[in-house]
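Shown here: run-v3.tsv, TSV, N, CA and C atoms.
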```
chain	number	residue	atom	x	y	z
B	14	MET	N	0.83	-1.19	0.00
B	14	MET	CA	0.00	0.00	0.00
B	14	MET	C	0.88	1.26	0.00
B	15	THR	N	1.94	1.25	0.80
B	15	THR	CA	2.81	2.43	0.83
B	15	THR	C	3.54	2.62	-0.49
B	16	ASN	N	3.90	1.51	-1.14
B	16	ASN	CA	4.55	1.64	-2.45
B	16	ASN	C	3.62	2.28	-3.46
B	17	GLN	N	2.35	1.88	-3.43
B	17	GLN	CA	1.37	2.48	-4.34
B	17	GLN	C	1.20	3.96	-4.03
B	18	LEU	N	1.17	4.28	-2.76
B	18	LEU	CA	1.02	5.68	-2.35
B	18	LEU	C	2.21	6.51	-2.83
B	19	ASN	N	3.41	6.00	-2.60
B	19	ASN	CA	4.61	6.71	-3.05
B	19	ASN	C	4.64	6.86	-4.56
B	20	GLU	N	4.28	5.80	-5.27
B	20	GLU	CA	4.26	5.84	-6.73
B	20	GLU	C	3.32	6.93	-7.25
B	21	ASN	N	2.16	7.02	-6.65
B	21	ASN	CA	1.19	8.02	-7.08
B	21	ASN	C	1.63	9.43	-6.72
B	22	ILE	N	2.25	9.60	-5.58
B	22	ILE	CA	2.74	10.92	-5.18
B	22	ILE	C	3.82	11.39	-6.16
B	23	VAL	N	4.74	10.49	-6.50
B	23	VAL	CA	5.79	10.83	-7.45
B	23	VAL	C	5.20	11.15	-8.82
B	24	ALA	N	4.18	10.38	-9.22
B	24	ALA	CA	3.52	10.62	-10.52
B	24	ALA	C	2.85	11.98	-10.55
B	25	VAL	N	2.18	12.35	-9.47
B	25	VAL	CA	1.52	13.66	-9.41
B	25	VAL	C	2.57	14.77	-9.49
B	26	LYS	N	3.64	14.60	-8.75
B	26	LYS	CA	4.71	15.60	-8.77
B	26	LYS	C	5.27	15.75	-10.18
B	27	GLY	N	5.55	14.64	-10.85
B	27	GLY	CA	6.07	14.69	-12.22
B	27	GLY	C	5.08	15.31	-13.18
B	28	THR	N	3.82	14.96	-13.02
B	28	THR	CA	2.79	15.53	-13.90
B	28	THR	C	2.69	17.03	-13.72
B	29	LEU	N	2.72	17.48	-12.48
B	29	LEU	CA	2.63	18.92	-12.23
B	29	LEU	C	3.87	19.66	-12.73
B	30	GLU	N	5.02	18.99	-12.70
B	30	GLU	CA	6.23	19.62	-13.24
B	30	GLU	C	6.11	19.79	-14.76
B	31	LEU	N	5.41	18.87	-15.42
B	31	LEU	CA	5.21	18.97	-16.86
B	31	LEU	C	4.27	20.11	-17.24
B	32	VAL	N	3.46	20.55	-16.30
B	32	VAL	CA	2.52	21.65	-16.57
B	32	VAL	C	3.27	22.86	-17.12
B	33	ASP	N	4.46	23.11	-16.60
B	33	ASP	CA	5.25	24.26	-17.06
B	33	ASP	C	5.66	24.13	-18.52
B	34	THR	N	5.79	22.89	-19.00
B	34	THR	CA	6.27	22.70	-20.37
B	34	THR	C	5.13	22.47	-21.36
B	35	SER	N	3.90	22.41	-20.90
B	35	SER	CA	2.79	22.19	-21.82
B	35	SER	C	2.65	23.37	-22.76
B	36	ILE	N	2.36	23.05	-24.00
B	36	ILE	CA	2.31	24.08	-25.03
B	36	ILE	C	0.88	24.57	-25.28
B	37	THR	N	-0.03	23.63	-25.34
B	37	THR	CA	-1.41	24.01	-25.67
B	37	THR	C	-2.30	23.89	-24.44
B	38	GLU	N	-3.45	24.51	-24.56
B	38	GLU	CA	-4.42	24.42	-23.48
B	38	GLU	C	-4.92	22.99	-23.31
B	39	ASP	N	-5.04	22.26	-24.43
B	39	ASP	CA	-5.47	20.85	-24.35
B	39	ASP	C	-4.46	20.00	-23.60
B	40	GLU	N	-3.16	20.23	-23.85
B	40	GLU	CA	-2.12	19.50	-23.12
B	40	GLU	C	-2.19	19.80	-21.63
B	41	LEU	N	-2.36	21.06	-21.31
B	41	LEU	CA	-2.47	21.48	-19.92
B	41	LEU	C	-3.67	20.82	-19.26
B	42	HIS	N	-4.79	20.81	-19.97
B	42	HIS	CA	-6.01	20.19	-19.46
B	42	HIS	C	-5.79	18.70	-19.18
B	43	GLU	N	-5.17	17.99	-20.11
B	43	GLU	CA	-4.90	16.55	-19.94
B	43	GLU	C	-3.97	16.30	-18.76
B	44	LEU	N	-2.94	17.10	-18.63
B	44	LEU	CA	-2.01	16.93	-17.50
B	44	LEU	C	-2.70	17.15	-16.17
B	45	LEU	N	-3.53	18.16	-16.11
B	45	LEU	CA	-4.25	18.43	-14.86
B	45	LEU	C	-5.23	17.31	-14.54
B	46	LEU	N	-5.90	16.77	-15.55
B	46	LEU	CA	-6.80	15.63	-15.32
B	46	LEU	C	-6.04	14.42	-14.78
B	47	LYS	N	-4.86	14.16	-15.33
B	47	LYS	CA	-4.05	13.04	-14.85
B	47	LYS	C	-3.65	13.25	-13.39
B	48	ALA	N	-3.26	14.48	-13.07
B	48	ALA	CA	-2.86	14.77	-11.70
B	48	ALA	C	-4.04	14.60	-10.74
B	49	ILE	N	-5.21	15.04	-11.15
B	49	ILE	CA	-6.40	14.90	-10.30
B	49	ILE	C	-6.75	13.43	-10.11
B	50	GLU	N	-6.65	12.63	-11.17
B	50	GLU	CA	-6.93	11.19	-11.05
B	50	GLU	C	-5.98	10.54	-10.06
B	51	ARG	N	-4.69	10.88	-10.15
B	51	ARG	CA	-3.71	10.32	-9.22
B	51	ARG	C	-3.99	10.78	-7.79
B	52	MET	N	-4.39	12.02	-7.62
B	52	MET	CA	-4.69	12.51	-6.27
B	52	MET	C	-5.90	11.78	-5.69
B	53	ASP	N	-6.85	11.42	-6.54
B	53	ASP	CA	-7.99	10.62	-6.08
B	53	ASP	C	-7.51	9.26	-5.59
B	54	VAL	N	-6.57	8.65	-6.32
B	54	VAL	CA	-6.01	7.36	-5.91
B	54	VAL	C	-5.29	7.52	-4.56
B	55	ILE	N	-4.53	8.59	-4.43
B	55	ILE	CA	-3.83	8.85	-3.16
B	55	ILE	C	-4.82	8.98	-2.02
B	56	GLN	N	-5.92	9.67	-2.25
B	56	GLN	CA	-6.95	9.83	-1.21
B	56	GLN	C	-7.53	8.47	-0.81
B	57	ARG	N	-7.85	7.63	-1.80
B	57	ARG	CA	-8.41	6.31	-1.49
B	57	ARG	C	-7.41	5.45	-0.72
B	58	LEU	N	-6.14	5.47	-1.15
B	58	LEU	CA	-5.12	4.70	-0.45
B	58	LEU	C	-4.94	5.20	0.98
B	59	SER	N	-4.96	6.51	1.15
B	59	SER	CA	-4.84	7.09	2.49
B	59	SER	C	-6.00	6.65	3.38
B	60	ASN	N	-7.20	6.67	2.82
B	60	ASN	CA	-8.37	6.23	3.58
B	60	ASN	C	-8.25	4.76	3.96
B	61	ASP	N	-7.78	3.93	3.02
B	61	ASP	CA	-7.57	2.51	3.31
B	61	ASP	C	-6.56	2.30	4.43
B	62	MET	N	-5.50	3.12	4.42
B	62	MET	CA	-4.49	3.00	5.47
B	62	MET	C	-5.06	3.39	6.82
B	63	VAL	N	-5.87	4.43	6.87
B	63	VAL	CA	-6.48	4.86	8.13
B	63	VAL	C	-7.40	3.76	8.67
B	64	VAL	N	-8.18	3.14	7.78
B	64	VAL	CA	-9.08	2.06	8.20
B	64	VAL	C	-8.26	0.88	8.74
B	65	ALA	N	-7.18	0.53	8.05
B	65	ALA	CA	-6.33	-0.57	8.50
B	65	ALA	C	-5.72	-0.28	9.86
B	66	LEU	N	-5.25	0.94	10.05
B	66	LEU	CA	-4.68	1.33	11.36
B	66	LEU	C	-5.74	1.29	12.45
B	67	LYS	N	-6.93	1.77	12.16
B	67	LYS	CA	-8.01	1.74	13.14
B	67	LYS	C	-8.33	0.31	13.54
B	68	ASN	N	-8.38	-0.58	12.55
B	68	ASN	CA	-8.63	-1.99	12.84
B	68	ASN	C	-7.55	-2.58	13.73
B	69	CYS	N	-6.31	-2.23	13.46
B	69	CYS	CA	-5.20	-2.71	14.30
B	69	CYS	C	-5.34	-2.21	15.73
B	70	PHE	N	-5.64	-0.92	15.88
B	70	PHE	CA	-5.80	-0.36	17.22
B	70	PHE	C	-6.99	-0.99	17.94
B	71	ASP	N	-8.07	-1.24	17.22
B	71	ASP	CA	-9.24	-1.90	17.82
B	71	ASP	C	-8.89	-3.30	18.32
B	72	LYS	N	-8.11	-4.03	17.50
B	72	LYS	CA	-7.70	-5.38	17.91
B	72	LYS	C	-6.78	-5.34	19.12
B	73	MET	N	-5.86	-4.36	19.13
B	73	MET	CA	-4.95	-4.21	20.27
B	73	MET	C	-5.75	-3.89	21.53
B	74	GLU	N	-6.75	-3.04	21.40
B	74	GLU	CA	-7.60	-2.66	22.52
B	74	GLU	C	-8.35	-3.89	23.03
B	75	GLY	N	-8.83	-4.73	22.11
B	75	GLY	CA	-9.55	-5.95	22.49
B	75	GLY	C	-8.66	-6.94	23.21
B	76	ILE	N	-7.41	-7.00	22.82
B	76	ILE	CA	-6.47	-7.91	23.48
B	76	ILE	C	-6.16	-7.45	24.90
B	77	LYS	N	-6.10	-6.15	25.11
B	77	LYS	CA	-5.80	-5.60	26.45
B	77	LYS	C	-6.89	-5.94	27.46
B	78	LYS	N	-8.13	-6.09	26.97
B	78	LYS	CA	-9.26	-6.32	27.87
B	78	LYS	C	-9.32	-7.73	28.27
```

Any chance you could put this one into structure tokens?
Amino acid sequence: MTNQLNENIVAVKGTLELVDTSITEDELHELLLKAIERMDVIQRLSNDMVVALKNCFDKMEGIKK
């Protein structure tokens, strides 16, 4: 999960760096769409990680009792 998160973060960074070199408005639009799609993936992965951590903490709490 962390590898996927890192991969998407690097991809967004690279895509946004390309924004400076885009020539046409269509190219800029496509680059921004790609960045937004990757950020959506990052959000989903982050949410999955939070859920997994919460489950771990819940299990640890159950073991303590």

Exercise: range 14-27 of chain B partners within 7 Å, only N, CA and C atoms, chain neighbours under 5 positions left out, as a VMD selection string: chain B and resid 32 47 to 48 51 to 52 54 to 55 58 to 59

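Atom C of Ile49 in chain B is found 21.7 Å from CA of Val64 in chain B.
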
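The gap separating CA of Cys69 in chain B from atom C of Glu50 in chain B is 27.7 Å, in Å to one decimal.
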
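Relative to CA of Asp33 in chain B, atom C of Leu45 in chain B is found at 12.8 Å.
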
Hey, can I get the axis-aligned box for range 40-55 of chain B? All listed atoms, 4 Å padding on each side, centre and edge lengths in Å to one decimal, as lines of an AutoDock Vina configuration file.
```
center_x = -5.0
center_y = 14.4
center_z = -12.9
size_x = 14.0
size_y = 22.1
size_z = 29.8
```

Contacts of Ser35 in chain B within 9 Å, only C-alpha atoms, excl. fewer than 5 positions in-chain, as a PDB file with N, CA and C atoms, in the coordinates of the input:
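Output saved as out30.pdb:
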```
ATOM      1  N   GLU B  40      -3.160  20.230 -23.850  1.00  0.00           N
ATOM      2  CA  GLU B  40      -2.120  19.500 -23.120  1.00  0.00           C
ATOM      3  C   GLU B  40      -2.190  19.800 -21.630  1.00  0.00           C
ATOM      4  N   LEU B  41      -2.360  21.060 -21.310  1.00  0.00           N
ATOM      5  CA  LEU B  41      -2.470  21.480 -19.920  1.00  0.00           C
ATOM      6  C   LEU B  41      -3.670  20.820 -19.260  1.00  0.00           C
ATOM      7  N   LEU B  44      -2.940  17.100 -18.630  1.00  0.00           N
ATOM      8  CA  LEU B  44      -2.010  16.930 -17.500  1.00  0.00           C
ATOM      9  C   LEU B  44      -2.700  17.150 -16.170  1.00  0.00           C
TER      10      LEU B  44
END
```

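Across B:Glu74, B:Leu29, B:Asn60, B:Lys67, the tightest approach to Leu46 in chain B is made by B:Leu29 when counting only C-alpha atoms.
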